[in-house]
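Notes to accompany the following structure.
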Amino acid sequence: MVNKKIWTVSTLASMLLFSAGCSFGNQSTDKNNSNEPVEVVQPEENPHASEEQVMSNFNNLIANNPEISEVIQFMEENVSDVSPQNVSGMILALEDLQVNHLPIFEENFTSSEDLQVKFRNLFKGDTSKIENMADAEIKTLLEETKNSGYKIETAEGYYFPIIDYQFYKTFSANATKEIQDYIEIMAVESNQVPAKYAALMISWDEIVDRALEQEAFLKQYPSSERLDEVTELYKRYEMFTFFGLNNTPLFSYDTKKIDPEAKALYLDAVSREIKSDYTGMLNSFLEVLAKNNDTLTDEVDAYRKDLTDFPS
């Protein structure tokens with residue numbers, strides 16, 4: 001039974017789902033007319049390790065199966081001393097470590113039904129309640145969760161960790177523009193997951209806005225190391241756009257009519273005349289929909305399935 005619960009929570013988690021300055025000594029304008037020798041003050045040795053040494057130490061750390069908190073601490077201490085490209089490499093390495101470690105970390109939450117009961121009694125669905133924690137077991141787990149760059153989410157009555165991409169902004173300000181944009185996209189997702197309980201947790205206009213940001217990333221960075229991850233995310237938003245979810249369908253189960261709010265927002269997105277494949281899909285879909293009186297007919301259904309990666 002425990003293994004089944006672990007698998008379930010892993011599935012849920014995967015659906016909700018990375019200054020330097022110069023100091024100059026005071027220069028006196030007074031002329032030294034004496035013949036006394038002038039004392040030459042040697043500049044202080046740079047206390048920071050060279051960038052090459054920092055990256056060597058980082059790679060050695062990653063290679064030795066470290067605790068996530070160790071990697072985070074190393075980055076906090078050294079991220080200002082390396083180039084944006086190397087900061088980006090550190091961020092992606094940390095994300096890989098978190099992704100690979102997540103199933104193991106989940107076991108801390110799912111191995112005990114008693115612990116889940118404690119979470120339900122404590123949070124009552126609101127995972128922001130972490131102040132004044134009296135229970136030592138939960139307090140320790142929450143601290144470990146935060147120190148490892150995760151946050152707690154809940155769905156279908158279970159509490160589990162997900163990657164906290166908002167946390168990555170501590171480092172991404174020093175990264176390349178590509179990785180800054182990637183972290184921004186992922187932070188939006190982890191700050192407000194788009195779906196729970198087979199229902200959309202965000203509005204139709206938020207779906208459109210996120211899809212446009214994801215598409216823009218894919219077009220601007222076609223060789224990105226995170227191309228596959230953003231592509232998968234974008235495809236999910238295409239499904240949200242043209243289908244909704246079981247408990248938030250795009251079309252009414254009773255009348256077969258499109259959600260009027262969604263239609264209005266889709267029309268607005270098309271009217272912006274943004275050069276985008278996504279808005280092009282919206283436009284063609286709305287044209288087919290208009291011919292069918294805004295109703296989910298066989299033609300409309302077949303058309304939206306052709307537009308997306310709907311499973312055959």
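For the structure tokens, the naming scheme is as follows: chains receive sequential letters (A, B, ...) according to their order of presentation, residues are indexed from 1 within each chain, and ligands are indexed from 1 in presentation order.
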task: Give me the residues within 10 Å of Glu229 (chain A) as a ChimeraX atom specification, counting only C-alpha atoms and dropping any in the same chain fewer than 4 places off.
output: /A:182,186,224-225,233-234
Please produce a file of those selected residues containing all heavy atoms, as an mmCIF file, in the first residue's frame.
data_model
loop_
_atom_site.group_PDB
_atom_site.id
_atom_site.type_symbol
_atom_site.label_atom_id
_atom_site.label_comp_id
_atom_site.auth_asym_id
_atom_site.auth_seq_id
_atom_site.Cartn_x
_atom_site.Cartn_y
_atom_site.Cartn_z
ATOM 1 N N TYR A 182 14.552 31.116 -18.372
ATOM 2 C CA TYR A 182 14.101 29.760 -18.026
ATOM 3 C C TYR A 182 13.617 29.707 -16.583
ATOM 4 O O TYR A 182 12.536 29.162 -16.302
ATOM 5 C CB TYR A 182 15.247 28.775 -18.247
ATOM 6 C CG TYR A 182 14.939 27.387 -17.720
ATOM 7 C CD1 TYR A 182 13.986 26.583 -18.332
ATOM 8 C CD2 TYR A 182 15.591 26.883 -16.600
ATOM 9 C CE1 TYR A 182 13.682 25.315 -17.850
ATOM 10 C CE2 TYR A 182 15.306 25.620 -16.115
ATOM 11 C CZ TYR A 182 14.347 24.843 -16.746
ATOM 12 O OH TYR A 182 14.049 23.591 -16.252
ATOM 13 N N MET A 186 9.854 28.795 -15.009
ATOM 14 C CA MET A 186 9.649 27.710 -14.060
ATOM 15 C C MET A 186 9.187 28.222 -12.700
ATOM 16 O O MET A 186 8.420 27.536 -11.998
ATOM 17 C CB MET A 186 10.929 26.892 -13.915
ATOM 18 C CG MET A 186 11.414 26.259 -15.219
ATOM 19 S SD MET A 186 10.160 25.228 -16.030
ATOM 20 C CE MET A 186 10.108 23.829 -14.915
ATOM 21 N N SER A 224 18.749 25.620 -26.553
ATOM 22 C CA SER A 224 18.838 25.612 -25.096
ATOM 23 C C SER A 224 18.958 24.199 -24.544
ATOM 24 O O SER A 224 18.360 23.255 -25.063
ATOM 25 C CB SER A 224 17.586 26.270 -24.496
ATOM 26 O OG SER A 224 17.571 26.144 -23.090
ATOM 27 N N GLU A 225 19.730 24.080 -23.468
ATOM 28 C CA GLU A 225 19.824 22.795 -22.781
ATOM 29 C C GLU A 225 18.491 22.402 -22.141
ATOM 30 O O GLU A 225 18.290 21.246 -21.791
ATOM 31 C CB GLU A 225 20.906 22.854 -21.692
ATOM 32 C CG GLU A 225 22.323 22.884 -22.227
ATOM 33 C CD GLU A 225 23.343 22.724 -21.113
ATOM 34 O OE1 GLU A 225 23.261 21.720 -20.360
ATOM 35 O OE2 GLU A 225 24.212 23.607 -20.985
ATOM 36 N N LEU A 233 6.419 21.513 -21.384
ATOM 37 C CA LEU A 233 5.540 22.416 -20.649
ATOM 38 C C LEU A 233 4.597 23.140 -21.602
ATOM 39 O O LEU A 233 3.389 23.253 -21.336
ATOM 40 C CB LEU A 233 6.384 23.432 -19.878
ATOM 41 C CG LEU A 233 5.653 24.393 -18.944
ATOM 42 C CD1 LEU A 233 4.914 23.644 -17.840
ATOM 43 C CD2 LEU A 233 6.636 25.400 -18.351
ATOM 44 N N TYR A 234 5.132 23.626 -22.707
ATOM 45 C CA TYR A 234 4.314 24.334 -23.700
ATOM 46 C C TYR A 234 3.231 23.426 -24.270
ATOM 47 O O TYR A 234 2.077 23.850 -24.449
ATOM 48 C CB TYR A 234 5.217 24.871 -24.808
ATOM 49 C CG TYR A 234 4.460 25.494 -25.959
ATOM 50 C CD1 TYR A 234 3.746 26.675 -25.792
ATOM 51 C CD2 TYR A 234 4.467 24.899 -27.221
ATOM 52 C CE1 TYR A 234 3.053 27.250 -26.845
ATOM 53 C CE2 TYR A 234 3.780 25.463 -28.281
ATOM 54 C CZ TYR A 234 3.073 26.633 -28.085
ATOM 55 O OH TYR A 234 2.373 27.193 -29.129
#
Would you mind listing what lies within 12 Å of Thr170 (chain A) as a short mmCIF file (atom, residue, chain, number, x, y, z; two decimals) with C-alpha atoms, in the first residue's frame, with only C-alpha atoms counted and same-chain residues fewer than 3 positions away left out?
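Output saved as part02.cif:
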data_model
loop_
_atom_site.label_atom_id
_atom_site.label_comp_id
_atom_site.auth_asym_id
_atom_site.auth_seq_id
_atom_site.Cartn_x
_atom_site.Cartn_y
_atom_site.Cartn_z
CA PHE A 18 17.50 26.63 -12.18
CA ILE A 72 23.43 25.36 -2.47
CA GLN A 73 25.84 26.57 0.21
CA MET A 75 26.87 28.37 -4.80
CA GLU A 76 25.87 31.00 -2.25
CA GLU A 77 29.53 31.44 -1.34
CA VAL A 79 28.37 32.46 -7.42
CA SER A 80 29.51 36.10 -7.48
CA VAL A 87 26.63 30.45 -13.02
CA ILE A 91 22.13 26.30 -11.85
CA GLY A 149 15.52 24.11 -2.47
CA ASP A 164 11.02 25.77 -5.60
CA TYR A 165 12.14 27.69 -8.67
CA GLN A 166 11.55 31.03 -6.97
CA PHE A 167 14.52 30.08 -4.80
CA ALA A 173 20.40 37.23 -11.51
CA ASN A 174 24.08 36.40 -12.17
CA ALA A 175 23.32 33.92 -14.95
CA GLN A 180 17.18 33.94 -16.30
CA ILE A 183 14.01 30.25 -14.26
CA GLU A 184 11.34 32.92 -14.64
CA ALA A 187 9.19 30.00 -11.05
#
- prompt: Distance CA of Glu153 (chain A)-CA of Leu122 (chain A), one decimal place?
  reply: 13.6 Å
task: Could you pull out the residues in region 176-225 of chain A that DSSP calls strand (DSSP E or B) from the backbone, as a PyMOL selection string?
output: chain A and resi 195-196+199-200
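When only C-alpha atoms are used to compute distances to Glu178 (chain A), the closest of the residues A:Arg226, A:Lys139, A:Lys235, A:Lys275 turns out to be A:Arg226.
With CA of Lys263 (chain A) on one side and CA of Leu282 (chain A) on the other, the separation reads 9.8 Å.
Excluding Leu97 (chain A) itself and same-chain residues fewer than 4 positions from it, the residues having an atom within 8 Å of it are A:Ile68, A:Ala93, A:His101, counting only C-alpha atoms.
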message: Write out as a count of residues only the set of residues from region 198-290 of chain A that DSSP, computed on the backbone, places in alpha helix (DSSP H).
response: 60
Find the residues near Gln98 (chain A): any atom within 12 Å, counting only C-alpha atoms, skip ones fewer than 6 places away on the same chain, and give them as a PDB file with N, CA, C and O atoms, in the first residue's frame.
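Saved as selection_22.pdb:
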ATOM      1  N   PHE A  18      16.832  26.665 -11.987  1.00  0.00           N
ATOM      2  CA  PHE A  18      17.501  26.631 -12.180  1.00  0.00           C
ATOM      3  C   PHE A  18      17.735  28.221 -12.431  1.00  0.00           C
ATOM      4  O   PHE A  18      16.387  28.577 -13.169  1.00  0.00           O
ATOM      5  N   ILE A  62      29.936  18.063  -7.199  1.00  0.00           N
ATOM      6  CA  ILE A  62      28.809  17.419  -7.887  1.00  0.00           C
ATOM      7  C   ILE A  62      29.098  15.942  -8.154  1.00  0.00           C
ATOM      8  O   ILE A  62      28.212  15.089  -8.062  1.00  0.00           O
ATOM      9  N   ASN A  65      28.327  12.865  -5.217  1.00  0.00           N
ATOM     10  CA  ASN A  65      26.998  12.602  -4.649  1.00  0.00           C
ATOM     11  C   ASN A  65      26.727  13.432  -3.400  1.00  0.00           C
ATOM     12  O   ASN A  65      26.476  12.908  -2.314  1.00  0.00           O
ATOM     13  N   PRO A  66      26.752  14.755  -3.536  1.00  0.00           N
ATOM     14  CA  PRO A  66      26.630  15.615  -2.355  1.00  0.00           C
ATOM     15  C   PRO A  66      25.185  15.741  -1.895  1.00  0.00           C
ATOM     16  O   PRO A  66      24.240  15.409  -2.613  1.00  0.00           O
ATOM     17  N   GLU A  67      25.020  16.246  -0.689  1.00  0.00           N
ATOM     18  CA  GLU A  67      23.704  16.690  -0.252  1.00  0.00           C
ATOM     19  C   GLU A  67      23.359  17.963  -1.034  1.00  0.00           C
ATOM     20  O   GLU A  67      24.238  18.769  -1.335  1.00  0.00           O
ATOM     21  N   ILE A  68      22.098  18.116  -1.360  1.00  0.00           N
ATOM     22  CA  ILE A  68      21.689  19.299  -2.118  1.00  0.00           C
ATOM     23  C   ILE A  68      22.047  20.570  -1.360  1.00  0.00           C
ATOM     24  O   ILE A  68      22.490  21.567  -1.948  1.00  0.00           O
ATOM     25  N   SER A  69      21.868  20.549  -0.062  1.00  0.00           N
ATOM     26  CA  SER A  69      22.165  21.736   0.745  1.00  0.00           C
ATOM     27  C   SER A  69      23.643  22.121   0.647  1.00  0.00           C
ATOM     28  O   SER A  69      23.989  23.307   0.733  1.00  0.00           O
ATOM     29  N   VAL A  71      25.539  21.789  -2.048  1.00  0.00           N
ATOM     30  CA  VAL A  71      25.704  22.462  -3.341  1.00  0.00           C
ATOM     31  C   VAL A  71      25.164  23.881  -3.262  1.00  0.00           C
ATOM     32  O   VAL A  71      25.774  24.828  -3.765  1.00  0.00           O
ATOM     33  N   ILE A  72      24.020  24.038  -2.614  1.00  0.00           N
ATOM     34  CA  ILE A  72      23.429  25.361  -2.468  1.00  0.00           C
ATOM     35  C   ILE A  72      24.361  26.282  -1.680  1.00  0.00           C
ATOM     36  O   ILE A  72      24.581  27.442  -2.052  1.00  0.00           O
ATOM     37  N   ILE A  91      23.588  26.368 -12.043  1.00  0.00           N
ATOM     38  CA  ILE A  91      22.132  26.297 -11.852  1.00  0.00           C
ATOM     39  C   ILE A  91      21.563  25.030 -12.466  1.00  0.00           C
ATOM     40  O   ILE A  91      20.753  24.319 -11.847  1.00  0.00           O
ATOM     41  N   LEU A  92      21.988  24.713 -13.676  1.00  0.00           N
ATOM     42  CA  LEU A  92      21.464  23.522 -14.347  1.00  0.00           C
ATOM     43  C   LEU A  92      21.931  22.250 -13.647  1.00  0.00           C
ATOM     44  O   LEU A  92      21.178  21.265 -13.567  1.00  0.00           O
ATOM     45  N   ILE A 104      13.463  10.275  -4.116  1.00  0.00           N
ATOM     46  CA  ILE A 104      13.988   9.827  -2.819  1.00  0.00           C
ATOM     47  C   ILE A 104      13.491  10.747  -1.715  1.00  0.00           C
ATOM     48  O   ILE A 104      13.068  10.294  -0.637  1.00  0.00           O
ATOM     49  N   PHE A 105      13.515  12.038  -1.990  1.00  0.00           N
ATOM     50  CA  PHE A 105      13.080  13.015  -0.988  1.00  0.00           C
ATOM     51  C   PHE A 105      11.589  12.856  -0.687  1.00  0.00           C
ATOM     52  O   PHE A 105      11.142  13.076   0.438  1.00  0.00           O
ATOM     53  N   GLU A 106      10.806  12.480  -1.706  1.00  0.00           N
ATOM     54  CA  GLU A 106       9.366  12.279  -1.516  1.00  0.00           C
ATOM     55  C   GLU A 106       9.071  11.220  -0.455  1.00  0.00           C
ATOM     56  O   GLU A 106       8.055  11.299   0.240  1.00  0.00           O
ATOM     57  N   THR A 145      13.507  20.522   3.807  1.00  0.00           N
ATOM     58  CA  THR A 145      12.871  20.802   2.522  1.00  0.00           C
ATOM     59  C   THR A 145      13.312  22.161   1.992  1.00  0.00           C
ATOM     60  O   THR A 145      13.728  22.297   0.836  1.00  0.00           O
ATOM     61  N   ASN A 147      15.951  24.009   2.947  1.00  0.00           N
ATOM     62  CA  ASN A 147      17.397  24.071   2.743  1.00  0.00           C
ATOM     63  C   ASN A 147      17.846  23.315   1.496  1.00  0.00           C
ATOM     64  O   ASN A 147      18.948  23.548   0.989  1.00  0.00           O
ATOM     65  N   SER A 148      16.995  22.415   1.009  1.00  0.00           N
ATOM     66  CA  SER A 148      17.305  21.647  -0.198  1.00  0.00           C
ATOM     67  C   SER A 148      16.672  22.255  -1.443  1.00  0.00           C
ATOM     68  O   SER A 148      16.725  21.658  -2.517  1.00  0.00           O
ATOM     69  N   GLY A 149      16.074  23.427  -1.309  1.00  0.00           N
ATOM     70  CA  GLY A 149      15.517  24.114  -2.474  1.00  0.00           C
ATOM     71  C   GLY A 149      14.186  23.570  -2.947  1.00  0.00           C
ATOM     72  O   GLY A 149      13.810  23.781  -4.103  1.00  0.00           O
ATOM     73  N   TYR A 150      13.470  22.883  -2.067  1.00  0.00           N
ATOM     74  CA  TYR A 150      12.135  22.397  -2.390  1.00  0.00           C
ATOM     75  C   TYR A 150      11.084  23.215  -1.636  1.00  0.00           C
ATOM     76  O   TYR A 150      11.398  23.969  -0.712  1.00  0.00           O
ATOM     77  N   LYS A 151       9.841  23.039  -2.025  1.00  0.00           N
ATOM     78  CA  LYS A 151       8.719  23.601  -1.285  1.00  0.00           C
ATOM     79  C   LYS A 151       7.632  22.537  -1.224  1.00  0.00           C
ATOM     80  O   LYS A 151       7.677  21.549  -1.967  1.00  0.00           O
ATOM     81  N   PRO A 161       6.896  17.274  -1.806  1.00  0.00           N
ATOM     82  CA  PRO A 161       7.801  18.354  -2.215  1.00  0.00           C
ATOM     83  C   PRO A 161       7.827  18.545  -3.721  1.00  0.00           C
ATOM     84  O   PRO A 161       7.653  17.592  -4.491  1.00  0.00           O
ATOM     85  N   ILE A 162       8.017  19.784  -4.140  1.00  0.00           N
ATOM     86  CA  ILE A 162       8.328  20.095  -5.532  1.00  0.00           C
ATOM     87  C   ILE A 162       9.502  21.069  -5.523  1.00  0.00           C
ATOM     88  O   ILE A 162       9.821  21.668  -4.492  1.00  0.00           O
ATOM     89  N   ILE A 163      10.161  21.222  -6.659  1.00  0.00           N
ATOM     90  CA  ILE A 163      11.279  22.158  -6.745  1.00  0.00           C
ATOM     91  C   ILE A 163      10.751  23.581  -6.628  1.00  0.00           C
ATOM     92  O   ILE A 163       9.781  23.955  -7.289  1.00  0.00           O
ATOM     93  N   ASP A 164      11.392  24.372  -5.796  1.00  0.00           N
ATOM     94  CA  ASP A 164      11.015  25.767  -5.600  1.00  0.00           C
ATOM     95  C   ASP A 164      11.869  26.637  -6.522  1.00  0.00           C
ATOM     96  O   ASP A 164      12.989  27.020  -6.175  1.00  0.00           O
ATOM     97  N   TYR A 165      11.345  26.931  -7.700  1.00  0.00           N
ATOM     98  CA  TYR A 165      12.135  27.694  -8.669  1.00  0.00           C
ATOM     99  C   TYR A 165      12.264  29.165  -8.298  1.00  0.00           C
ATOM    100  O   TYR A 165      13.167  29.843  -8.792  1.00  0.00           O
ATOM    101  N   TYR A 168      15.606  29.803  -6.989  1.00  0.00           N
ATOM    102  CA  TYR A 168      16.711  29.902  -7.939  1.00  0.00           C
ATOM    103  C   TYR A 168      17.039  31.340  -8.320  1.00  0.00           C
ATOM    104  O   TYR A 168      18.125  31.621  -8.832  1.00  0.00           O
TER     105      TYR A 168
END
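Interatomic distance, CA of Asn246 (chain A) to CA of Leu200 (chain A): 9.0 Å.
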- prompt: Do you know which residues are at most 7 Å from Asp259 (chain A) counting only C-alpha atoms, after dropping those on the same chain fewer than 6 positions away, and could you put them as a PyMOL selection string?
  reply: chain A and resi 250-252
task: Determine, counting only C-alpha atoms, which protein, DNA and RNA residues have an atom within 9 Å of an atom of region 284-300 of chain A; residues of the same chain fewer than 2 positions away are not included. Present the result as number ranges by chain.
output: A: 242, 251-252, 255-258, 263, 266-267, 279-282, 302-305, 307
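Residue nearest Asn283 (chain A) within the list A:Thr176, A:Ser271, A:Asn57, A:Gln116: A:Ser271 [criterion: smallest interatomic distance, only C-alpha atoms].
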